[in-house]
file start25.txt (compact mmCIF, C-alpha atoms and all ligand atoms)
# COMPACT_ATOMS: atom_id res chain seq x y z
CA MET A 1 205.05 143.60 -171.67
CA LYS A 2 202.04 143.68 -174.01
CA PRO A 3 202.62 145.11 -177.52
CA LEU A 4 202.86 148.91 -177.51
CA ASP A 5 202.16 151.62 -180.11
CA ILE A 6 205.62 153.13 -180.51
CA ALA A 7 206.70 156.20 -182.50
CA ILE A 8 210.38 156.44 -183.39
CA ALA A 9 211.51 159.92 -184.43
CA GLY A 10 214.66 159.80 -186.60
CA LEU A 11 216.00 157.24 -189.07
CA GLY A 12 219.67 157.37 -188.14
CA PRO A 13 221.44 154.24 -186.86
CA ALA A 14 219.68 154.52 -183.48
CA GLY A 15 216.13 154.87 -184.84
CA LEU A 16 216.52 152.17 -187.49
CA ALA A 17 218.07 149.63 -185.12
CA ALA A 18 215.37 150.35 -182.51
CA ALA A 19 212.60 149.98 -185.10
CA LEU A 20 213.91 146.61 -186.21
CA ALA A 21 214.37 145.22 -182.70
CA LEU A 22 211.01 146.49 -181.41
CA ALA A 23 209.02 145.36 -184.47
CA ARG A 24 210.56 141.91 -184.01
CA SER A 25 209.45 141.94 -180.36
CA GLY A 26 205.87 142.40 -181.56
CA HIS A 27 205.40 146.15 -180.97
CA ARG A 28 203.57 148.33 -183.53
CA VAL A 29 206.24 150.75 -184.79
CA ARG A 30 205.93 153.98 -186.81
CA LEU A 31 209.09 155.82 -187.91
CA PHE A 32 209.35 159.50 -188.83
CA ASP A 33 212.13 161.49 -190.50
CA GLN A 34 212.46 164.89 -192.11
CA PHE A 35 214.21 163.71 -195.27
CA ASP A 36 212.35 163.45 -198.60
CA GLU A 37 213.53 159.93 -199.39
CA PRO A 38 215.14 157.54 -196.90
CA ARG A 39 218.91 158.16 -197.07
CA PRO A 40 221.99 158.15 -194.86
CA VAL A 41 223.38 161.42 -193.47
CA GLY A 42 227.13 162.07 -193.09
CA SER A 43 230.50 160.42 -193.53
CA GLY A 44 232.02 156.97 -193.08
CA LEU A 45 232.38 155.73 -189.52
CA MET A 46 234.09 153.12 -187.38
CA MET A 47 232.00 150.37 -185.86
CA GLN A 48 233.67 149.06 -182.73
CA PRO A 49 233.42 145.49 -181.43
CA ALA A 50 230.73 146.56 -178.87
CA GLY A 51 228.52 148.00 -181.62
CA LEU A 52 229.19 145.07 -183.94
CA ALA A 53 227.98 142.71 -181.21
CA VAL A 54 224.62 144.54 -181.25
CA LEU A 55 224.45 144.27 -185.05
CA ASP A 56 225.15 140.54 -184.68
CA TRP A 57 222.29 140.35 -182.15
CA LEU A 58 220.08 141.98 -184.81
CA GLY A 59 221.34 139.44 -187.36
CA LEU A 60 223.02 142.13 -189.51
CA GLY A 61 226.70 141.76 -188.61
CA GLU A 62 227.64 139.46 -191.49
CA ALA A 63 225.91 141.61 -194.12
CA LEU A 64 227.81 144.66 -192.90
CA ARG A 65 231.14 142.83 -192.66
CA ARG A 66 230.78 141.87 -196.35
CA LEU A 67 230.65 145.60 -197.24
CA GLY A 68 232.88 147.31 -194.67
CA ALA A 69 236.66 147.45 -194.22
CA PRO A 70 238.10 145.53 -191.24
CA ILE A 71 240.40 147.82 -189.25
CA ASP A 72 243.26 146.35 -187.18
CA ARG A 73 245.00 149.51 -186.07
CA LEU A 74 244.54 153.22 -185.35
CA PHE A 75 247.81 154.88 -186.17
CA GLY A 76 248.95 158.51 -186.08
CA ARG A 77 252.18 160.48 -186.48
CA GLU A 78 253.15 164.02 -185.66
CA ALA A 79 253.58 165.46 -189.16
CA HIS A 80 256.93 167.22 -188.71
CA SER A 81 258.88 164.91 -186.40
CA GLY A 82 257.35 161.69 -187.73
CA ARG A 83 256.94 160.62 -184.11
CA ILE A 84 254.26 157.97 -183.54
CA VAL A 85 251.64 159.57 -181.28
CA LEU A 86 248.71 157.18 -181.67
CA ASP A 87 249.00 153.42 -181.97
CA VAL A 88 246.04 151.28 -180.94
CA ARG A 89 246.05 147.66 -182.09
CA TYR A 90 242.88 145.59 -181.84
CA GLU A 91 244.95 142.37 -181.87
CA THR A 92 245.74 142.97 -178.18
CA LEU A 93 242.04 142.20 -177.49
CA GLY A 94 242.44 138.61 -178.76
CA ASN A 95 239.75 136.41 -180.36
CA GLY A 96 240.38 138.02 -183.77
CA ARG A 97 238.37 141.09 -182.71
CA CYS A 98 238.80 144.22 -184.84
CA GLY A 99 236.97 147.38 -185.84
CA LEU A 100 234.91 147.69 -189.00
CA ALA A 101 234.92 150.94 -190.95
CA VAL A 102 231.75 151.39 -192.96
CA HIS A 103 230.30 153.84 -195.40
CA ARG A 104 227.17 155.30 -193.81
CA ALA A 105 225.19 154.23 -196.85
CA ALA A 106 226.17 150.60 -196.17
CA LEU A 107 225.03 150.82 -192.54
CA PHE A 108 221.84 152.62 -193.54
CA ASN A 109 220.94 150.20 -196.35
CA VAL A 110 221.59 147.07 -194.30
CA LEU A 111 219.38 148.41 -191.48
CA PHE A 112 216.70 149.99 -193.67
CA ASP A 113 216.13 146.86 -195.83
CA LYS A 114 215.37 144.86 -192.68
CA VAL A 115 213.18 147.62 -191.20
CA LYS A 116 211.04 147.64 -194.38
CA ALA A 117 210.68 143.87 -194.17
CA SER A 118 209.78 144.03 -190.43
CA GLY A 119 206.42 145.67 -191.04
CA ALA A 120 207.34 148.99 -189.34
CA ALA A 121 205.69 151.98 -191.05
CA VAL A 122 208.05 154.68 -192.37
CA GLU A 123 206.92 158.29 -192.90
CA THR A 124 209.26 160.80 -194.55
CA LYS A 125 209.03 164.60 -195.01
CA VAL A 126 207.91 164.92 -191.37
CA LYS A 127 209.92 167.51 -189.42
CA ILE A 128 209.20 166.80 -185.77
CA ALA A 129 208.89 169.93 -183.64
CA ALA A 130 207.39 168.95 -180.28
CA ILE A 131 205.40 166.51 -178.16
CA ASP A 132 201.87 167.39 -177.11
CA ARG A 133 200.07 165.72 -174.20
CA MET A 134 196.78 167.60 -174.35
CA SER A 135 194.95 164.36 -175.04
CA GLY A 136 196.14 162.89 -171.73
CA ARG A 137 199.35 161.17 -170.72
CA ARG A 138 199.88 159.47 -174.07
CA PRO A 139 202.16 161.67 -176.22
CA VAL A 140 201.27 163.03 -179.65
CA LEU A 141 204.05 164.04 -182.06
CA VAL A 142 203.65 167.51 -183.53
CA ALA A 143 205.37 168.20 -186.86
CA GLY A 144 205.89 171.24 -189.11
CA GLY A 145 202.69 172.65 -190.59
CA GLY A 146 200.79 171.64 -187.42
CA ARG A 147 200.55 167.97 -188.47
CA ARG A 148 199.92 165.61 -185.54
CA PHE A 149 200.68 161.91 -185.19
CA GLY A 150 199.52 159.63 -182.40
CA PRO A 151 198.76 159.28 -179.54
CA PHE A 152 201.43 156.65 -178.79
CA ASP A 153 202.21 154.52 -175.75
CA LEU A 154 205.88 155.44 -176.16
CA VAL A 155 207.86 157.96 -178.22
CA ILE A 156 211.52 157.17 -178.87
CA ASP A 157 213.57 160.25 -179.64
CA ALA A 158 216.35 159.27 -182.08
CA LEU A 159 216.57 162.73 -183.69
CA GLY A 160 220.29 163.18 -183.10
CA SER A 161 222.30 165.78 -181.26
CA ARG A 162 220.03 168.75 -182.05
CA SER A 163 216.75 167.07 -181.14
CA PRO A 164 213.93 169.56 -180.48
CA LEU A 165 212.42 167.05 -178.00
CA MET A 166 215.23 167.17 -175.44
CA ASP A 167 213.17 169.32 -173.03
CA GLU A 168 210.90 166.29 -172.57
CA ALA A 169 213.68 164.52 -170.65
CA ALA A 170 213.19 164.26 -166.90
CA ALA A 171 216.44 166.22 -166.63
CA PRO A 172 217.41 168.06 -169.86
CA ALA A 173 221.06 168.92 -170.52
CA ALA A 174 222.70 171.99 -171.99
CA ARG A 175 224.57 171.38 -175.26
CA ARG A 176 228.12 172.76 -175.44
CA SER A 177 229.35 173.53 -178.98
CA LEU A 178 232.96 172.47 -179.57
CA ALA A 179 235.22 174.95 -181.37
CA TYR A 180 236.76 172.32 -183.64
CA GLY A 181 234.76 170.31 -186.14
CA ALA A 182 236.03 168.69 -189.32
CA LEU A 183 235.61 168.67 -193.07
CA TRP A 184 234.77 165.21 -194.35
CA THR A 185 234.51 163.66 -197.78
CA THR A 186 234.34 160.18 -199.26
CA LEU A 187 236.60 159.40 -202.21
CA PRO A 188 237.40 156.32 -204.30
CA TRP A 189 240.06 154.21 -202.57
CA ILE A 190 243.49 154.33 -204.25
CA ALA A 191 245.03 150.86 -204.04
CA GLY A 192 248.57 150.78 -202.62
CA ALA A 193 248.65 154.37 -201.35
CA PHE A 194 247.57 153.48 -197.78
CA ASP A 195 247.20 150.39 -195.64
CA ALA A 196 243.68 149.03 -196.26
CA ARG A 197 243.30 147.90 -192.61
CA VAL A 198 244.47 151.03 -190.78
CA LEU A 199 242.77 154.30 -189.75
CA GLU A 200 245.69 156.66 -190.23
CA GLN A 201 246.12 160.24 -189.02
CA ARG A 202 248.68 163.08 -189.09
CA TYR A 203 248.82 165.96 -186.63
CA GLU A 204 250.45 169.35 -186.38
CA ARG A 205 250.16 170.15 -182.66
CA ALA A 206 246.41 169.66 -181.99
CA SER A 207 245.21 172.37 -184.37
CA VAL A 208 245.66 170.24 -187.50
CA MET A 209 244.45 166.68 -187.80
CA ILE A 210 244.27 164.85 -191.13
CA GLY A 211 242.73 161.39 -191.42
CA VAL A 212 242.35 158.61 -193.97
CA LEU A 213 239.86 155.84 -193.21
CA PRO A 214 239.21 152.99 -195.67
CA VAL A 215 235.44 152.35 -195.48
CA GLY A 216 234.79 149.56 -197.96
CA ARG A 217 231.79 149.54 -200.29
CA ARG A 218 228.37 151.20 -200.15
CA PHE A 219 226.58 148.20 -201.69
CA SER A 220 227.64 144.91 -203.20
CA GLY A 221 229.23 145.47 -206.62
CA ASP A 222 230.43 148.98 -205.65
CA SER A 223 234.14 149.89 -205.63
CA ALA A 224 236.04 150.51 -202.38
CA GLN A 225 235.85 154.00 -200.82
CA THR A 226 237.91 156.10 -198.40
CA THR A 227 236.76 158.74 -195.97
CA PHE A 228 239.17 161.68 -195.79
CA PHE A 229 238.95 164.30 -193.03
CA TRP A 230 240.60 167.56 -192.09
CA SER A 231 239.89 169.18 -188.73
CA LEU A 232 238.75 172.78 -188.85
CA LYS A 233 237.18 175.32 -186.54
CA ALA A 234 233.61 175.95 -187.63
CA GLU A 235 234.29 179.71 -187.44
CA ASN A 236 237.09 179.32 -190.05
CA HIS A 237 235.00 177.45 -192.60
CA ALA A 238 233.99 180.47 -194.69
CA ARG A 239 237.64 181.62 -194.87
CA TRP A 240 238.75 178.09 -195.84
CA LYS A 241 236.23 178.07 -198.70
CA ALA A 242 237.15 181.55 -199.87
CA GLN A 243 240.89 180.82 -200.11
CA GLY A 244 240.28 178.11 -202.77
CA LEU A 245 241.62 174.57 -202.81
CA GLY A 246 245.19 175.32 -204.03
CA PRO A 247 246.79 176.61 -200.80
CA TRP A 248 244.97 173.97 -198.74
CA ARG A 249 246.17 171.14 -201.01
CA ASP A 250 249.75 172.47 -200.64
CA GLN A 251 249.38 172.50 -196.86
CA VAL A 252 247.99 168.95 -196.72
CA THR A 253 250.64 167.45 -199.01
CA ARG A 254 253.43 169.29 -197.16
CA LEU A 255 252.24 167.64 -193.93
CA TRP A 256 251.41 164.26 -195.47
CA PRO A 257 252.90 163.81 -199.00
CA GLU A 258 251.21 160.40 -199.55
CA THR A 259 247.77 162.09 -199.66
CA GLU A 260 248.59 163.91 -202.92
CA THR A 261 246.83 161.50 -205.32
CA LEU A 262 243.93 161.04 -202.90
CA ILE A 263 243.12 164.73 -202.50
CA ALA A 264 243.73 165.39 -206.22
CA GLN A 265 240.23 163.89 -206.52
CA ILE A 266 238.78 166.90 -204.67
CA ASP A 267 238.09 169.64 -207.19
CA ASP A 268 235.29 171.56 -205.48
CA PRO A 269 235.35 172.87 -201.87
CA ASP A 270 231.73 171.73 -201.50
CA GLN A 271 232.92 168.12 -201.74
CA MET A 272 234.24 168.64 -198.19
CA VAL A 273 231.27 168.79 -195.80
CA LEU A 274 231.67 170.53 -192.44
CA ALA A 275 230.62 168.53 -189.39
CA ALA A 276 230.31 170.74 -186.30
CA TYR A 277 230.55 168.90 -182.99
CA GLY A 278 228.79 169.46 -179.68
CA HIS A 279 228.81 167.74 -176.31
CA HIS A 280 225.86 166.93 -174.05
CA THR A 281 224.70 164.07 -171.82
CA LEU A 282 221.14 163.77 -170.54
CA PRO A 283 221.31 162.93 -166.81
CA LEU A 284 218.20 160.75 -167.32
CA PRO A 285 217.60 159.51 -170.88
CA PHE A 286 213.83 159.26 -170.46
CA GLY A 287 210.74 161.30 -169.60
CA ASP A 288 207.06 160.52 -169.27
CA ARG A 289 206.50 157.88 -172.02
CA VAL A 290 209.55 159.17 -173.91
CA ALA A 291 212.93 157.44 -174.29
CA PHE A 292 216.05 159.10 -175.69
CA ILE A 293 218.57 157.00 -177.60
CA GLY A 294 221.74 157.74 -179.57
CA ASP A 295 222.95 161.30 -180.07
CA SER A 296 219.79 162.83 -178.63
CA ALA A 297 220.71 161.24 -175.28
CA HIS A 298 224.45 161.87 -175.51
CA SER A 299 226.56 163.53 -178.20
CA THR A 300 230.26 164.28 -178.38
CA SER A 301 233.14 164.71 -180.85
CA PRO A 302 233.82 161.54 -182.85
CA GLN A 303 237.45 161.41 -181.61
CA LEU A 304 236.91 158.10 -179.79
CA GLY A 305 234.70 156.72 -182.59
CA GLN A 306 231.89 155.64 -180.25
CA GLY A 307 228.70 157.55 -181.23
CA ALA A 308 227.01 154.98 -183.46
CA ASN A 309 228.20 152.18 -181.18
CA MET A 310 226.68 153.83 -178.14
CA ALA A 311 223.45 154.36 -180.08
CA LEU A 312 223.32 150.62 -180.78
CA LEU A 313 224.06 149.80 -177.15
CA ASP A 314 221.16 152.09 -176.13
CA VAL A 315 218.88 150.13 -178.46
CA ARG A 316 219.98 146.78 -176.99
CA ALA A 317 219.40 148.06 -173.44
CA LEU A 318 216.02 149.68 -174.18
CA CYS A 319 214.67 146.58 -175.93
CA GLY A 320 215.92 144.35 -173.12
CA ALA A 321 214.24 146.62 -170.55
CA LEU A 322 210.92 146.60 -172.44
CA ASP A 323 211.06 142.80 -172.70
CA GLN A 324 211.81 142.29 -169.01
CA ALA A 325 209.86 144.97 -167.12
CA SER A 326 206.24 144.62 -166.06
CA ASP A 327 205.26 148.19 -166.96
CA LEU A 328 206.59 151.08 -169.04
CA ASP A 329 207.77 153.30 -166.15
CA GLN A 330 209.80 150.43 -164.74
CA ALA A 331 211.23 149.64 -168.20
CA LEU A 332 212.40 153.23 -168.77
CA ALA A 333 214.03 153.43 -165.34
CA PHE A 334 215.72 150.07 -165.96
CA TYR A 335 216.97 151.28 -169.38
CA ALA A 336 218.51 154.39 -167.80
CA ARG A 337 220.21 152.34 -165.07
CA GLN A 338 221.65 149.88 -167.58
CA ARG A 339 223.26 152.59 -169.69
CA ARG A 340 224.20 155.09 -166.98
CA PHE A 341 227.77 154.08 -166.13
CA HIS A 342 228.95 153.28 -169.67
CA ILE A 343 227.58 156.52 -171.12
CA ARG A 344 229.08 158.67 -168.37
CA LEU A 345 232.44 156.94 -168.68
CA TYR A 346 232.71 157.31 -172.45
CA GLN A 347 231.36 160.87 -172.47
CA LEU A 348 233.97 161.77 -169.85
CA MET A 349 236.80 160.06 -171.74
CA SER A 350 235.74 161.71 -174.97
CA SER A 351 235.76 165.18 -173.45
CA MET A 352 239.14 164.46 -171.83
CA PHE A 353 240.86 163.00 -174.93
CA THR A 354 239.48 165.35 -177.60
CA PRO A 355 241.62 168.43 -176.68
CA PHE A 356 244.80 166.33 -177.09
CA TYR A 357 243.90 165.91 -180.77
CA GLN A 358 241.69 168.92 -181.55
CA SER A 359 242.38 172.18 -179.73
CA ASP A 360 244.54 175.31 -179.76
CA SER A 361 246.60 174.04 -176.84
CA HIS A 362 250.40 173.91 -177.20
CA VAL A 363 250.89 171.97 -173.96
CA LEU A 364 248.46 169.07 -174.43
CA PRO A 365 249.96 167.86 -177.75
CA LEU A 366 253.44 167.95 -176.16
CA PHE A 367 252.12 165.84 -173.31
CA ARG A 368 250.50 163.52 -175.90
CA ASP A 369 253.69 163.17 -177.96
CA TRP A 370 256.22 162.75 -175.15
CA LEU A 371 254.31 160.93 -172.42
CA VAL A 372 251.06 159.32 -173.58
CA ALA A 373 252.40 157.92 -176.85
CA PRO A 374 255.45 156.14 -175.34
CA ALA A 375 253.29 154.86 -172.46
CA SER A 376 250.86 153.38 -174.97
CA ARG A 377 253.60 151.00 -176.13
CA VAL A 378 253.68 149.35 -172.69
CA PRO A 379 251.65 146.11 -173.19
CA LEU A 380 249.21 146.69 -170.30
CA VAL A 381 248.50 150.26 -171.41
CA ALA A 382 248.22 149.15 -175.05
CA ARG A 383 245.57 146.61 -174.10
CA ALA A 384 243.70 149.14 -171.93
CA LEU A 385 243.63 151.60 -174.87
CA ALA A 386 242.35 148.91 -177.24
CA ARG A 387 239.62 148.03 -174.73
CA ILE A 388 238.59 151.68 -174.42
CA VAL A 389 238.36 152.00 -178.19
CA SER A 390 236.48 148.70 -178.52
CA GLY A 391 233.68 150.35 -176.51
CA ASP A 392 233.03 147.58 -174.00
CA ILE A 393 234.44 148.99 -170.75
CA GLY A 394 231.74 149.52 -168.13
CA LEU A 395 228.88 147.83 -169.98
CA GLY A 396 225.87 146.79 -167.88
CA ARG A 397 225.29 143.08 -167.44
CA ASP A 398 222.38 142.85 -169.93
CA VAL A 399 223.76 145.12 -172.63
C1 LIG A 401 231.94 163.49 -188.95
C2 LIG A 401 231.47 162.44 -187.98
C3 LIG A 401 232.19 161.26 -187.83
C4 LIG A 401 231.77 160.27 -186.95
N1 LIG A 401 232.48 159.12 -186.81
C5 LIG A 401 232.02 158.16 -185.99
C6 LIG A 401 232.71 156.90 -185.87
O1 LIG A 401 233.76 156.68 -186.46
N2 LIG A 401 232.16 155.93 -185.07
C7 LIG A 401 230.98 156.14 -184.39
O2 LIG A 401 230.51 155.21 -183.70
N3 LIG A 401 230.33 157.31 -184.47
C8 LIG A 401 230.82 158.31 -185.24
N4 LIG A 401 230.16 159.50 -185.32
C9 LIG A 401 228.97 159.70 -184.49
C10 LIG A 401 227.76 159.06 -185.15
O3 LIG A 401 227.60 159.52 -186.46
C11 LIG A 401 226.53 159.40 -184.35
O4 LIG A 401 226.77 159.12 -183.00
C12 LIG A 401 225.35 158.58 -184.84
O5 LIG A 401 225.04 158.89 -186.18
C13 LIG A 401 224.14 158.86 -183.96
O6 LIG A 401 223.05 158.21 -184.49
P1 LIG A 401 221.58 158.72 -184.21
O7 LIG A 401 220.70 157.75 -184.93
O8 LIG A 401 221.42 158.93 -182.76
O9 LIG A 401 221.47 160.19 -184.85
P2 LIG A 401 221.69 160.68 -186.35
O10 LIG A 401 222.60 159.78 -187.08
O11 LIG A 401 222.05 162.12 -186.24
O12 LIG A 401 220.23 160.54 -187.02
C14 LIG A 401 219.21 161.45 -186.70
C15 LIG A 401 218.09 161.32 -187.74
O13 LIG A 401 217.03 162.17 -187.32
C16 LIG A 401 216.59 162.97 -188.41
N5 LIG A 401 216.11 164.24 -187.84
C17 LIG A 401 216.83 165.15 -187.14
N6 LIG A 401 216.03 166.16 -186.73
C18 LIG A 401 214.78 165.86 -187.18
C19 LIG A 401 213.50 166.49 -187.03
N7 LIG A 401 213.34 167.63 -186.35
N8 LIG A 401 212.42 165.89 -187.59
C20 LIG A 401 212.55 164.72 -188.27
N9 LIG A 401 213.73 164.09 -188.44
C21 LIG A 401 214.82 164.65 -187.90
C22 LIG A 401 217.80 163.13 -189.31
O14 LIG A 401 217.39 163.37 -190.65
C23 LIG A 401 218.50 161.77 -189.14
O15 LIG A 401 218.02 160.83 -190.09
C24 LIG A 401 230.59 160.49 -186.18
C25 LIG A 401 229.88 161.69 -186.32
C26 LIG A 401 230.34 162.66 -187.20
C27 LIG A 401 229.55 163.95 -187.34
call {"tool": "encode", "arguments": {"input": "start25.txt", "output": "structure tokens", "more": "lines below"}}
Ligand SMILES: Cc1cc2nc3c(=O)[nH]c(=O)nc-3n(C[C@H](O)[C@H](O)[C@H](O)COP(=O)(O)OP(=O)(O)OC[C@H]3O[C@@H](n4cnc5c(N)ncnc54)[C@H](O)[C@@H]3O)c2cc1C
result
Amino acid sequence: MKPLDIAIAGLGPAGLAAALALARSGHRVRLFDQFDEPRPVGSGLMMQPAGLAVLDWLGLGEALRRLGAPIDRLFGREAHSGRIVLDVRYETLGNGRCGLAVHRAALFNVLFDKVKASGAAVETKVKIAAIDRMSGRRPVLVAGGGRRFGPFDLVIDALGSRSPLMDEAAAPAARRSLAYGALWTTLPWIAGAFDARVLEQRYERASVMIGVLPVGRRFSGDSAQTTFFWSLKAENHARWKAQGLGPWRDQVTRLWPETETLIAQIDDPDQMVLAAYGHHTLPLPFGDRVAFIGDSAHSTSPQLGQGANMALLDVRALCGALDQASDLDQALAFYARQRRFHIRLYQLMSSMFTPFYQSDSHVLPLFRDWLVAPASRVPLVARALARIVSGDIGLGRDV
């Protein structure tokens, strides 16, 4: 297809990866974000083999592997019984494949440096509010203060799970807020306290989940970091803050004594940032000259660790569709078809698995502890679980 004028709204992993790939394909790309200065938003995250393959396709995999922490195993125990209730080993996938936990700043910097060098234009302090088509079919982006940008041949919505542009989708979806979210913080890694290649968790039923994820370094020369998380209902956040850190620290160390030195580094409740989760899937991730990628197309709880990976897979599919199709309408339909099955499958699995680890249920965690966990030690099941987590089940042929 001939070079297009493309606006990308949002500089998260989806928007940045799309900007890089599309600028390299010869399109004229302008990026917009609300933040004052380009910066990453949020906690550390797990890149799965499927997402890493897209970063390799973009030529960024090695740079990120130098900063991140390779993860061989996802491991969790019930806090009181000590029973193993989660044990996923990447080694069952073969070929030395593993996950890579990264600090968001590392992922952001690696992507953003290349985007700057690609010639894409970046505009900050632009809060996108709507799309206007008064000037014809070509969309214009409308931002706060009535500022207008465009018209463009194509707008890519990478504004995340609360995108104000979702109504532009051919079939918009309702967003369901999830009761449980989590408090997250990043702390200096304490050598010897935890296994540097394991994402480790402790649970009390499904109402308490504590996690420690080694995430490597933010930039070369930095020291190693850990992401620590504690699941919490959004409605209980104010009460959690008001009670002070003392009782909470006692509760955490009673459930998981090895965290004592790690959480001793938290001396202000505001160090723990609340992430509230929601779930939605656009039935069609495109509209008239608009494509939705990443969390604006599909968001869920991060229990399966797939969000950023799926965003990267969207980028790979959209760029492939634009390269191959003869016109834009055909490209957008092709993009949606390529991603349809994988997105539906992972969104379904995420909404099925999440209540086993984050809910008020008494029955589901029992089922998890006494049936699912032992079954996961059967080699065939263990491999199936590792494949689910790796993110590559149900991928379209060209993704
Ligand atoms: C606590 C937590 C842990 C997670 N862990 C994992 C994990 O381990 N593995 C994984 O793969 N995924 C994980 N995820 C999911 C992952 O973070 C998201 O799926 C991913 O960030 C989506 O990328 P995105 O680019 O679509 O959106 P975002 O990362 O949300 O980026 C959206 C961008 O748009 C900008 N923006 C938003 N609204 C506007 C507006 N109106 N105007 C202008 N700019 C705007 C924002 O500033 C931001 O830069 C986690 C998510 C959370 C919350």
call {"tool": "residues_around", "arguments": {"input": "start25.txt", "residues": "segment 20-35 of chain A", "least_positions_apart": "3", "cutoff": "8 Å", "atoms": "all atoms listed in the file", "output": "PyMOL selection string"}}
result
chain A and resi 3-11+15-17+38-39+58+111+114-115+118-128+315+319+323
call {"tool": "residues_near_ligand", "arguments": {"input": "start25.txt", "ligand": "ligand LIG 401 (chain A)", "cutoff": "6 Å", "atoms": "only C-alpha atoms and all ligand atoms", "output": "PyMOL selection string"}}
result
chain A and resi 10-15+33-35+43+45-47+126-129+158-160+163+275+294-296+302+305-309+311
call {"tool": "atom_distance", "arguments": {"input": "start25.txt", "atom1": "atom CA of Arg89 of chain A", "atom2": "atom CA of Pro49 of chain A"}}
result
12.8 Å
call {"tool": "closest_residue", "arguments": {"input": "start25.txt", "among": "A:Arg73, A:Arg387, A:Arg133, A:Arg205", "to": "Phe149 of chain A", "atoms": "all atoms listed in the file"}}
result
A:Arg133
call {"tool": "atom_distance", "arguments": {"input": "start25.txt", "atom1": "atom CA of Met310 of chain A", "atom2": "atom CA of His103 of chain A"}}
result
17.6 Å
call {"tool": "closest_residue", "arguments": {"input": "start25.txt", "among": "A:Gln324, A:Ser207, A:Thr185, A:Ser161", "to": "Asp270 of chain A", "atoms": "all atoms listed in the file"}}
result
A:Thr185
call {"tool": "closest_residue", "arguments": {"input": "start25.txt", "among": "A:Val198, A:Leu274, A:Leu282, A:Ile156", "to": "Ala101 of chain A", "atoms": "only C-alpha atoms"}}
result
A:Val198
call {"tool": "residues_around", "arguments": {"input": "start25.txt", "residues": "Asp250 of chain A", "least_positions_apart": "5", "cutoff": "12 Å", "atoms": "all atoms listed in the file", "output": "NGL selection string"}}
result
:A and (244-245 or 255-257 or 259-260 or 263-264)
call {"tool": "write_last_selection", "arguments": {"input": "start25.txt", "atoms": "C-alpha atoms", "output": "compact mmCIF listing (two decimals), in the frame of the given file"}}
result
# COMPACT_ATOMS: atom_id res chain seq x y z
CA GLY A 244 240.28 178.11 -202.77
CA LEU A 245 241.62 174.57 -202.81
CA LEU A 255 252.24 167.64 -193.93
CA TRP A 256 251.41 164.26 -195.47
CA PRO A 257 252.90 163.81 -199.00
CA THR A 259 247.77 162.09 -199.66
CA GLU A 260 248.59 163.91 -202.92
CA ILE A 263 243.12 164.73 -202.50
CA ALA A 264 243.73 165.39 -206.22
call {"tool": "closest_residue", "arguments": {"input": "start25.txt", "among": "A:Val389, A:Met209, A:Leu93, A:Leu107", "to": "Glu62 of chain A", "atoms": "only C-alpha atoms"}}
result
A:Leu107
call {"tool": "closest_residue", "arguments": {"input": "start25.txt", "among": "A:Ala386, A:Ala321, A:Ala105, A:Val372", "to": "Pro40 of chain A", "atoms": "all atoms listed in the file"}}
result
A:Ala105
call {"tool": "closest_residue", "arguments": {"input": "start25.txt", "among": "A:Ala19, A:Leu67, A:Gly146, A:Ser231", "to": "Asn109 of chain A", "atoms": "only C-alpha atoms"}}
result
A:Leu67
call {"tool": "atom_distance", "arguments": {"input": "start25.txt", "atom1": "atom CA of Glu204 of chain A", "atom2": "atom CA of His298 of chain A"}}
result
29.2 Å
call {"tool": "residues_around", "arguments": {"input": "start25.txt", "residues": "Ile190 of chain A", "least_positions_apart": "3", "cutoff": "9 Å", "atoms": "all atoms listed in the file", "output": "PyMOL selection string"}}
result
chain A and resi 187+193-194+224-226+261-262
call {"tool": "residues_around", "arguments": {"input": "start25.txt", "residues": "Leu395 of chain A", "least_positions_apart": "3", "cutoff": "8 Å", "atoms": "all atoms listed in the file", "output": "PyMOL selection string"}}
result
chain A and resi 338-339+341-342+392+399
call {"tool": "residues_around", "arguments": {"input": "start25.txt", "residues": "Ala375 of chain A", "least_positions_apart": "3", "cutoff": "12 Å", "atoms": "all atoms listed in the file", "output": "JSON, numbers by chain"}}
result
{"A": [84, 85, 86, 87, 88, 367, 368, 369, 370, 371, 372, 378, 379, 380, 381, 382, 383, 384, 385]}
